[in-house]
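J.: Okay, so here is run.txt, and as you'll see once you scroll down, it has compact mmCIF, C-alpha atoms and all ligand atoms.
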# COMPACT_ATOMS: atom_id res chain seq x y z
CA MET A 17 -4.12 264.28 84.86
CA ASN A 18 -7.36 263.79 82.94
CA LEU A 19 -9.85 263.54 85.78
CA GLU A 20 -12.77 263.03 83.45
CA ALA A 21 -11.14 259.91 81.96
CA LEU A 22 -10.23 258.56 85.41
CA ASN A 23 -13.75 259.14 86.65
CA LYS A 24 -15.17 257.35 83.63
CA VAL A 25 -13.08 254.25 84.40
CA ALA A 26 -13.95 254.37 88.12
CA VAL A 27 -17.67 254.65 87.34
CA ALA A 28 -17.41 251.71 84.89
CA MET A 29 -15.65 249.63 87.58
CA ALA A 30 -18.67 250.18 89.83
CA ALA A 31 -21.30 249.63 87.11
CA PRO A 32 -24.73 248.35 88.26
CA GLY A 33 -25.00 244.57 88.53
CA LYS A 34 -21.26 244.10 88.10
CA GLY A 35 -18.15 243.80 90.25
CA ILE A 36 -14.45 243.09 90.13
CA LEU A 37 -12.67 239.73 89.95
CA ALA A 38 -9.55 239.81 92.13
CA ALA A 39 -7.23 237.38 90.31
CA ASP A 40 -4.02 239.00 91.51
CA GLU A 41 -2.80 236.32 93.90
CA SER A 42 0.96 236.53 94.28
CA SER A 43 2.97 233.45 93.26
CA GLY A 44 3.07 232.37 96.93
CA THR A 45 -0.69 232.74 97.44
CA ILE A 46 -1.71 231.00 94.21
CA LYS A 47 0.61 228.13 95.14
CA LYS A 48 -1.31 227.74 98.40
CA ARG A 49 -4.62 227.73 96.47
CA PHE A 50 -3.27 225.14 94.00
CA ASP A 51 -1.85 223.02 96.86
CA SER A 52 -5.40 222.78 98.22
CA ILE A 53 -6.52 221.00 95.01
CA GLY A 54 -3.30 219.06 94.45
CA VAL A 55 -2.16 221.00 91.37
CA GLU A 56 1.44 222.04 90.83
CA SER A 57 1.81 225.80 90.48
CA THR A 58 3.75 226.58 87.30
CA PRO A 59 3.52 229.54 84.90
CA GLU A 60 1.48 227.27 82.56
CA SER A 61 -0.95 225.95 85.19
CA ARG A 62 -1.48 229.49 86.50
CA ARG A 63 -2.09 230.67 82.94
CA ASP A 64 -4.49 227.81 82.17
CA TYR A 65 -6.49 228.46 85.32
CA ARG A 66 -6.81 232.19 84.80
CA GLU A 67 -7.46 231.85 81.08
CA MET A 68 -10.33 229.53 81.96
CA LEU A 69 -11.90 232.23 84.15
CA PHE A 70 -11.40 235.04 81.62
CA HIS A 71 -12.86 232.81 78.90
CA THR A 72 -16.16 232.46 80.79
CA GLU A 73 -17.59 234.90 78.28
CA ALA A 74 -21.18 235.57 79.38
CA ALA A 75 -20.22 235.97 83.05
CA MET A 76 -17.34 238.26 82.18
CA ARG A 77 -19.48 240.41 79.90
CA GLU A 78 -22.50 240.63 82.18
CA ARG A 79 -21.06 240.54 85.70
CA ILE A 80 -17.34 241.39 85.79
CA SER A 81 -16.50 245.08 85.35
CA GLY A 82 -12.76 244.63 85.89
CA VAL A 83 -10.08 242.05 86.65
CA ILE A 84 -7.11 242.63 88.95
CA LEU A 85 -4.03 240.89 87.53
CA TYR A 86 -0.64 239.97 88.94
CA ASP A 87 2.59 241.08 87.26
CA GLU A 88 3.13 237.66 85.71
CA THR A 89 -0.42 237.44 84.33
CA ILE A 90 -0.52 240.85 82.67
CA ARG A 91 2.41 239.67 80.52
CA GLN A 92 1.00 236.21 79.67
CA ASN A 93 -0.71 235.01 76.51
CA ALA A 94 -3.60 232.58 76.24
CA LYS A 95 -2.88 229.17 74.71
CA ASP A 96 -3.73 230.52 71.24
CA GLY A 97 -1.27 233.41 71.66
CA THR A 98 -3.82 236.14 72.49
CA PRO A 99 -2.60 238.30 75.38
CA LEU A 100 -4.75 237.65 78.46
CA VAL A 101 -5.29 241.41 78.68
CA LYS A 102 -6.95 241.29 75.26
CA LEU A 103 -9.26 238.45 76.38
CA ILE A 104 -10.44 240.63 79.25
CA GLU A 105 -10.91 243.67 77.03
CA LYS A 106 -12.77 241.61 74.44
CA ALA A 107 -15.26 240.59 77.12
CA GLY A 108 -15.86 244.31 77.80
CA SER A 109 -14.07 244.18 81.14
CA ILE A 110 -11.25 246.45 82.33
CA PRO A 111 -7.77 245.07 83.10
CA GLY A 112 -6.13 246.20 86.34
CA ILE A 113 -2.90 245.39 88.15
CA LYS A 114 -1.75 244.79 91.71
CA VAL A 115 1.26 247.05 92.27
CA ASP A 116 2.14 246.72 95.94
CA ALA A 117 5.05 244.50 96.96
CA GLY A 118 3.39 242.94 99.98
CA THR A 119 3.80 243.60 103.69
CA LYS A 120 6.79 243.69 106.03
CA PRO A 121 6.84 243.99 109.82
CA LEU A 122 6.60 247.68 110.77
CA ALA A 123 9.83 248.60 112.53
CA GLY A 124 9.33 249.81 116.10
CA ALA A 125 5.77 248.52 116.22
CA LYS A 126 4.21 245.63 118.11
CA ALA A 127 4.09 242.07 116.80
CA GLY A 128 1.51 241.73 114.04
CA GLU A 129 1.74 245.28 112.77
CA VAL A 130 2.87 245.49 109.15
CA VAL A 131 3.40 248.10 106.49
CA THR A 132 2.94 247.62 102.75
CA GLU A 133 5.99 248.20 100.57
CA GLY A 134 6.41 249.02 96.87
CA LEU A 135 6.65 252.80 96.44
CA ASP A 136 10.24 252.82 95.16
CA GLY A 137 10.22 252.76 91.37
CA LEU A 138 6.42 252.77 91.28
CA ARG A 139 6.21 255.72 88.85
CA GLU A 140 8.17 253.76 86.24
CA ARG A 141 6.25 250.53 86.85
CA LEU A 142 2.92 252.32 86.47
CA GLY A 143 4.06 253.72 83.12
CA GLU A 144 4.83 250.21 81.92
CA TYR A 145 1.58 248.75 83.24
CA HIS A 146 -0.38 251.47 81.45
CA ARG A 147 1.38 250.52 78.20
CA LEU A 148 0.48 246.86 78.89
CA GLY A 149 -3.21 247.84 79.17
CA ALA A 150 -3.89 248.38 82.89
CA ARG A 151 -6.42 251.12 83.53
CA PHE A 152 -6.65 250.65 87.28
CA ALA A 153 -4.35 249.43 90.04
CA LYS A 154 -4.58 247.99 93.52
CA TRP A 155 -2.54 248.49 96.70
CA ARG A 156 -3.49 246.54 99.81
CA ALA A 157 -2.67 247.81 103.29
CA VAL A 158 -3.20 245.42 106.18
CA ILE A 159 -4.35 246.41 109.65
CA ASP A 160 -4.15 243.62 112.21
CA LEU A 161 -6.73 243.96 114.93
CA GLY A 162 -4.85 242.02 117.59
CA ARG A 163 -5.24 238.56 116.16
CA ASN A 164 -2.88 237.32 118.87
CA GLY A 165 -5.13 238.76 121.56
CA ASP A 166 -3.15 242.00 121.85
CA ARG A 167 -5.83 244.63 122.36
CA SER A 168 -3.37 247.55 122.13
CA ILE A 169 -3.15 247.32 118.35
CA PRO A 170 -3.69 248.78 115.83
CA SER A 171 -1.47 251.71 116.78
CA GLY A 172 -1.73 255.22 115.36
CA ALA A 173 1.75 254.74 113.91
CA CYS A 174 0.63 251.70 111.91
CA ILE A 175 -2.50 253.41 110.60
CA ARG A 176 -0.55 256.56 109.66
CA ALA A 177 2.24 254.66 107.89
CA ASN A 178 -0.19 252.56 105.88
CA THR A 179 -2.64 255.31 104.92
CA HIS A 180 0.25 257.61 103.98
CA ALA A 181 1.63 254.93 101.65
CA LEU A 182 -1.84 254.43 100.14
CA ALA A 183 -2.06 258.18 99.43
CA ARG A 184 1.38 258.31 97.80
CA TYR A 185 0.46 255.29 95.68
CA ALA A 186 -2.89 256.83 94.70
CA ALA A 187 -1.28 260.13 93.63
CA LEU A 188 1.25 258.27 91.49
CA CYS A 189 -1.53 256.23 89.86
CA GLN A 190 -3.55 259.29 88.92
CA GLU A 191 -0.43 260.93 87.47
CA ALA A 192 -0.11 257.83 85.23
CA GLU A 193 -3.81 257.96 84.20
CA ILE A 194 -4.55 254.85 86.24
CA VAL A 195 -7.45 254.63 88.71
CA PRO A 196 -6.17 253.62 92.16
CA ILE A 197 -8.12 251.06 94.16
CA VAL A 198 -7.22 252.03 97.71
CA GLU A 199 -7.49 248.95 99.91
CA PRO A 200 -7.09 249.25 103.66
CA GLU A 201 -7.98 245.79 104.97
CA VAL A 202 -8.77 245.41 108.65
CA LEU A 203 -8.27 241.67 109.10
CA MET A 204 -11.04 239.40 110.34
CA ASP A 205 -8.56 237.05 112.02
CA GLY A 206 -8.79 236.92 115.81
CA ASP A 207 -11.53 236.95 118.42
CA HIS A 208 -12.56 240.63 118.41
CA ASP A 209 -16.23 241.49 118.03
CA ALA A 210 -17.88 243.50 115.25
CA ASP A 211 -17.77 246.72 117.30
CA ALA A 212 -13.97 246.49 117.58
CA CYS A 213 -13.84 246.03 113.79
CA TYR A 214 -16.10 249.07 113.41
CA GLU A 215 -13.82 251.28 115.54
CA ALA A 216 -10.62 250.21 113.78
CA THR A 217 -12.17 250.53 110.32
CA LEU A 218 -13.62 253.96 111.06
CA TRP A 219 -10.27 255.18 112.38
CA THR A 220 -8.44 253.78 109.35
CA LEU A 221 -10.87 255.34 106.85
CA LYS A 222 -10.81 258.76 108.56
CA ALA A 223 -6.99 258.70 108.42
CA LEU A 224 -7.04 257.48 104.81
CA TYR A 225 -9.27 260.27 103.49
CA GLN A 226 -7.22 262.92 105.33
CA GLU A 227 -4.04 261.52 103.70
CA LEU A 228 -5.70 261.39 100.26
CA TYR A 229 -6.79 265.01 100.71
CA GLU A 230 -3.28 266.15 101.64
CA ALA A 231 -1.82 264.23 98.67
CA ASN A 232 -4.20 266.04 96.26
CA VAL A 233 -5.83 262.84 95.13
CA SER A 234 -9.11 263.43 93.25
CA LEU A 235 -11.62 261.15 94.89
CA GLU A 236 -13.80 261.02 91.76
CA GLY A 237 -11.00 259.02 90.16
CA THR A 238 -10.57 256.44 92.94
CA ILE A 239 -12.29 253.28 94.17
CA LEU A 240 -12.27 252.13 97.81
CA LYS A 241 -11.78 248.43 98.58
CA PRO A 242 -12.48 247.81 102.26
CA ASN A 243 -13.44 245.01 104.61
CA MET A 244 -16.99 244.75 105.86
CA ILE A 245 -17.71 245.26 109.55
CA VAL A 246 -17.68 241.70 110.85
CA ALA A 247 -16.62 239.92 114.03
CA GLY A 248 -13.26 238.12 114.05
CA LYS A 249 -13.44 234.50 112.89
CA LYS A 250 -12.70 233.26 116.42
CA CYS A 251 -15.21 235.54 118.16
CA PRO A 252 -17.91 233.48 119.89
CA LYS A 253 -20.46 236.22 119.13
CA GLN A 254 -20.78 236.43 115.35
CA ALA A 255 -22.81 239.34 113.93
CA SER A 256 -26.00 238.58 112.01
CA ILE A 257 -26.33 239.48 108.34
CA ALA A 258 -28.56 242.44 109.23
CA GLU A 259 -26.05 243.64 111.82
CA VAL A 260 -23.11 243.42 109.40
CA ALA A 261 -25.10 245.41 106.83
CA GLU A 262 -26.17 248.06 109.31
CA LYS A 263 -22.73 248.55 110.89
CA THR A 264 -20.88 248.55 107.58
CA VAL A 265 -23.14 251.16 105.99
CA LYS A 266 -23.03 253.28 109.15
CA CYS A 267 -19.23 253.17 109.22
CA PHE A 268 -18.88 254.20 105.57
CA ARG A 269 -21.52 256.93 105.80
CA ASN A 270 -19.40 258.43 108.56
CA ALA A 271 -16.06 258.18 106.80
CA VAL A 272 -16.23 257.91 102.99
CA PRO A 273 -16.85 261.14 101.03
CA ALA A 274 -19.73 261.16 98.54
CA ALA A 275 -17.33 261.97 95.67
CA VAL A 276 -15.99 258.39 95.72
CA PRO A 277 -17.81 256.59 92.85
CA GLY A 278 -17.66 253.07 94.25
CA ILE A 279 -16.88 250.92 97.25
CA VAL A 280 -15.98 247.34 96.31
CA PHE A 281 -15.56 244.89 99.15
CA LEU A 282 -12.94 242.22 99.62
CA SER A 283 -14.25 238.89 100.91
CA GLY A 284 -11.41 238.46 103.41
CA GLY A 285 -12.19 234.89 104.47
CA GLN A 286 -16.00 235.05 104.53
CA SER A 287 -17.76 232.05 103.00
CA ASP A 288 -19.08 232.44 99.46
CA ILE A 289 -22.68 232.77 100.63
CA GLU A 290 -21.87 235.15 103.50
CA ALA A 291 -20.00 237.49 101.15
CA THR A 292 -22.99 237.52 98.80
CA ALA A 293 -25.65 237.78 101.52
CA HIS A 294 -23.92 240.70 103.25
CA LEU A 295 -23.55 242.69 100.03
CA ASP A 296 -27.17 241.98 99.11
CA ALA A 297 -28.46 243.06 102.54
CA MET A 298 -26.67 246.41 102.28
CA ASN A 299 -27.98 247.12 98.81
CA LYS A 300 -31.50 245.91 99.66
CA SER A 301 -31.92 247.92 102.83
CA TYR A 302 -29.79 251.02 102.42
CA ALA A 303 -29.49 251.86 98.69
CA SER A 304 -31.32 255.18 99.08
CA ARG A 305 -28.95 256.26 101.89
CA MET A 306 -25.69 255.61 100.02
CA PRO A 307 -24.05 258.18 97.72
CA TRP A 308 -21.66 255.58 96.24
CA LYS A 309 -22.21 252.26 94.47
CA LEU A 310 -21.58 249.28 96.73
CA SER A 311 -20.16 246.22 95.00
CA PHE A 312 -17.64 243.39 95.21
CA SER A 313 -13.99 242.83 94.39
CA TYR A 314 -13.76 239.27 95.59
CA GLY A 315 -10.88 236.85 95.29
CA ARG A 316 -11.73 233.77 97.31
CA ALA A 317 -15.53 234.28 97.31
CA LEU A 318 -15.53 234.20 93.49
CA GLN A 319 -12.81 231.63 92.93
CA ALA A 320 -13.16 228.99 95.65
CA ALA A 321 -15.98 227.16 93.81
CA PRO A 322 -14.42 227.15 90.31
CA LEU A 323 -11.00 226.23 91.72
CA LYS A 324 -12.47 223.18 93.43
CA ALA A 325 -14.55 222.18 90.40
CA TRP A 326 -11.50 222.51 88.11
CA GLY A 327 -8.99 220.49 90.10
CA GLY A 328 -6.42 221.06 87.37
CA LYS A 329 -8.20 218.79 84.84
CA ALA A 330 -9.09 219.85 81.30
CA GLU A 331 -12.28 217.77 81.40
CA ASN A 332 -13.55 219.87 84.32
CA VAL A 333 -13.20 223.25 82.60
CA ALA A 334 -16.90 223.54 81.68
CA ALA A 335 -18.02 222.69 85.23
CA ALA A 336 -15.53 225.17 86.69
CA GLN A 337 -16.73 227.89 84.33
CA ARG A 338 -20.33 227.18 85.38
CA ALA A 339 -19.30 227.50 89.04
CA PHE A 340 -17.56 230.81 88.34
CA ALA A 341 -20.50 232.12 86.30
CA HIS A 342 -22.86 231.21 89.11
CA ARG A 343 -20.92 233.08 91.80
CA ALA A 344 -20.45 236.06 89.48
CA LYS A 345 -24.21 236.14 88.84
CA MET A 346 -25.13 235.79 92.52
CA ASN A 347 -22.81 238.65 93.46
CA GLY A 348 -24.03 240.74 90.52
CA LEU A 349 -27.58 240.28 91.81
CA ALA A 350 -26.39 241.20 95.32
CA GLN A 351 -25.00 244.44 93.90
CA LEU A 352 -28.56 245.20 92.81
CA GLY A 353 -30.09 243.98 96.10
CA GLN A 354 -31.85 241.23 94.13
CA TRP A 355 -30.19 238.11 95.53
CA ALA A 356 -32.14 235.45 97.48
CA GLU A 357 -30.90 232.26 99.10
CA SER A 358 -33.42 230.27 97.02
CA LEU A 359 -31.41 231.21 93.90
CA GLU A 360 -28.44 229.31 95.36
CA LYS A 361 -30.49 226.18 95.93
CA ALA A 362 -31.93 226.30 92.42
CA ALA A 363 -28.42 226.25 90.92
P1 LIG A 401 -10.40 238.12 98.99
O1 LIG A 401 -11.76 238.45 98.44
O2 LIG A 401 -10.04 236.67 98.86
O3 LIG A 401 -10.20 238.67 100.37
O4 LIG A 401 -9.34 238.83 98.05
C1 LIG A 401 -9.57 240.09 97.63
C2 LIG A 401 -8.31 240.83 97.49
O5 LIG A 401 -7.96 241.28 96.42
C3 LIG A 401 -7.48 241.04 98.70
O6 LIG A 401 -6.48 241.96 98.42
Spell out the structure here as structure tokens.
T.:
Amino acid sequence: MNLEALNKVAVAMAAPGKGILAADESSGTIKKRFDSIGVESTPESRRDYREMLFHTEAAMRERISGVILYDETIRQNAKDGTPLVKLIEKAGSIPGIKVDAGTKPLAGAKAGEVVTEGLDGLRERLGEYHRLGARFAKWRAVIDLGRNGDRSIPSGACIRANTHALARYAALCQEAEIVPIVEPEVLMDGDHDADACYEATLWTLKALYQELYEANVSLEGTILKPNMIVAGKKCPKQASIAEVAEKTVKCFRNAVPAAVPGIVFLSGGQSDIEATAHLDAMNKSYASRMPWKLSFSYGRALQAAPLKAWGGKAENVAAAQRAFAHRAKMNGLAQLGQWAESLEKAA
């Protein structure tokens, strides 16, 4: 393993003023997104949509450090025959690939608890993805915090199974000269408060870094992709922006080693503005207390606006690209702690 090369990629993924575009929706998820705008999901419509984003040149060059692709997309060509991977590279951004195979119910566990699959054959798949141009990968583990009102989950068994899988995935990635994004997502579904999210996230991260240590994963060549510390969507007591920032930074300072170059958040169902405002508040108020870069790896919070503006119509491409460029810029400014709500109104 060439740790220096891995570290260089990880540092570039967390470059100042930039973040990651998560465009790795599975075929099922992208169909749901397309259903919401009345567009049929076909290999061509998926290609057209993603090509449109990757062709937003200035935003890609200035604000997007890396793009997470899905298996289908990493093999697709743009309309003019250029591989989509090359479009991303040409914009100075790094191509990455989602490699997990999704979640399944965890046998023996309570309802809602899942484990992420995809380790079988992963060594071979990583070799192929590296040849196709991927320089980082993503594996998402999901921790349900009792969205059905069951306060006895998550269980230790669920956290152990998921963090162990993340560590085995991360070790395989580094062996293949690919930077692993380790993503343990504590869901924001349900009515739990922000403190319950804090406890579950802290527990998960402590377990994760122990597993990564035992698997001999070099943290300098990894990126963490976590949830923020927020209340569940159905909780009557939502945390303020300042509270989310304070609790999230406190949680990570207690659990994430300083050797990790970057922490890039998922948006997880937050609104576009919330996802930006939270990231900005952390970087504005706590930059001097954080050993890692704090940035974004948003799917919905970067794509909801361009998806809506596009609506599957060629004549809307320019408007959709403007919407994408705007969100990329707002989040890039939030990475620097330089965002302000007035910048949204001016747009
Ligand atoms: P969201 O930002 O929509 O949560 O997606 C990010 C992601 O990649 C989840 O795995």
J.: Throw together the list of residues within 10 Å of ligand LIG 401 (chain A), counting only C-alpha atoms and all ligand atoms, and drop it here as a PyMOL selection string.
T.: chain A and resi 36-41+84-85+114+154-158+199-201+203+241-243+280-288+291+312-320
J.: Applying 12 Å and all atoms listed in the file, which residues near Phe50 (chain A) remain after dropping the ones on its own chain fewer than 5 positions away? List them as a list in words.
T.: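 Everything that qualifies: Glu41, Ser43, Gly44, Thr45, Val55, Glu56, Ser57, Thr58, Ser61, Arg62, Tyr65, Gln319, Ala320, Pro322, Leu323, Lys324, Trp326, Gly327 and Gly328 of chain A.
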J.: In the coordinates of the file, take the point (7.9, 247.1, 98.3) and a cut-off of 7 Å; then, counting all atoms listed in the file, name each qualifying protein, DNA or RNA residue as a list of chain:residue names.
T.: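 Neighbouring residues, ordered by chain and number, come to A:Asp116, A:Ala117, A:Gly118, A:Thr132, A:Glu133, A:Gly134, A:Leu135, A:Asp136.
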J.: Determine the nearest neighbour of Gln92 (chain A) from the options A:Ala303, A:Leu148, A:Val115, A:Cys267, counting all atoms listed in the file.
T.: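 Using all atoms listed in the file, the shortest distance to Gln92 (chain A) belongs to A:Leu148.
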J.: Between CA of Trp219 (chain A) and CA of Ala173 (chain A), what distance in Å does the model show, to one decimal?
T.: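 About the pair CA of Trp219 (chain A) and CA of Ala173 (chain A): they are 12.1 Å apart.
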J.: Mind giving me the straight-line distance from CA of Glu144 (chain A) to CA of Ala192 (chain A) in Å, one decimal?
T.: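 Separation of CA of Glu144 (chain A) and CA of Ala192 (chain A): 9.7 Å.
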J.: Which residues are close to Asn347 (chain A), i.e. within 12 Å by all atoms listed in the file, leaving aside same-chain residues fewer than 2 positions away? Reply as a count of residues only.
T.: 48
J.: Expressed in Å to a single decimal, how great is the separation between CA of Ala26 (chain A) and CA of Ala94 (chain A)?
T.: 26.9 Å
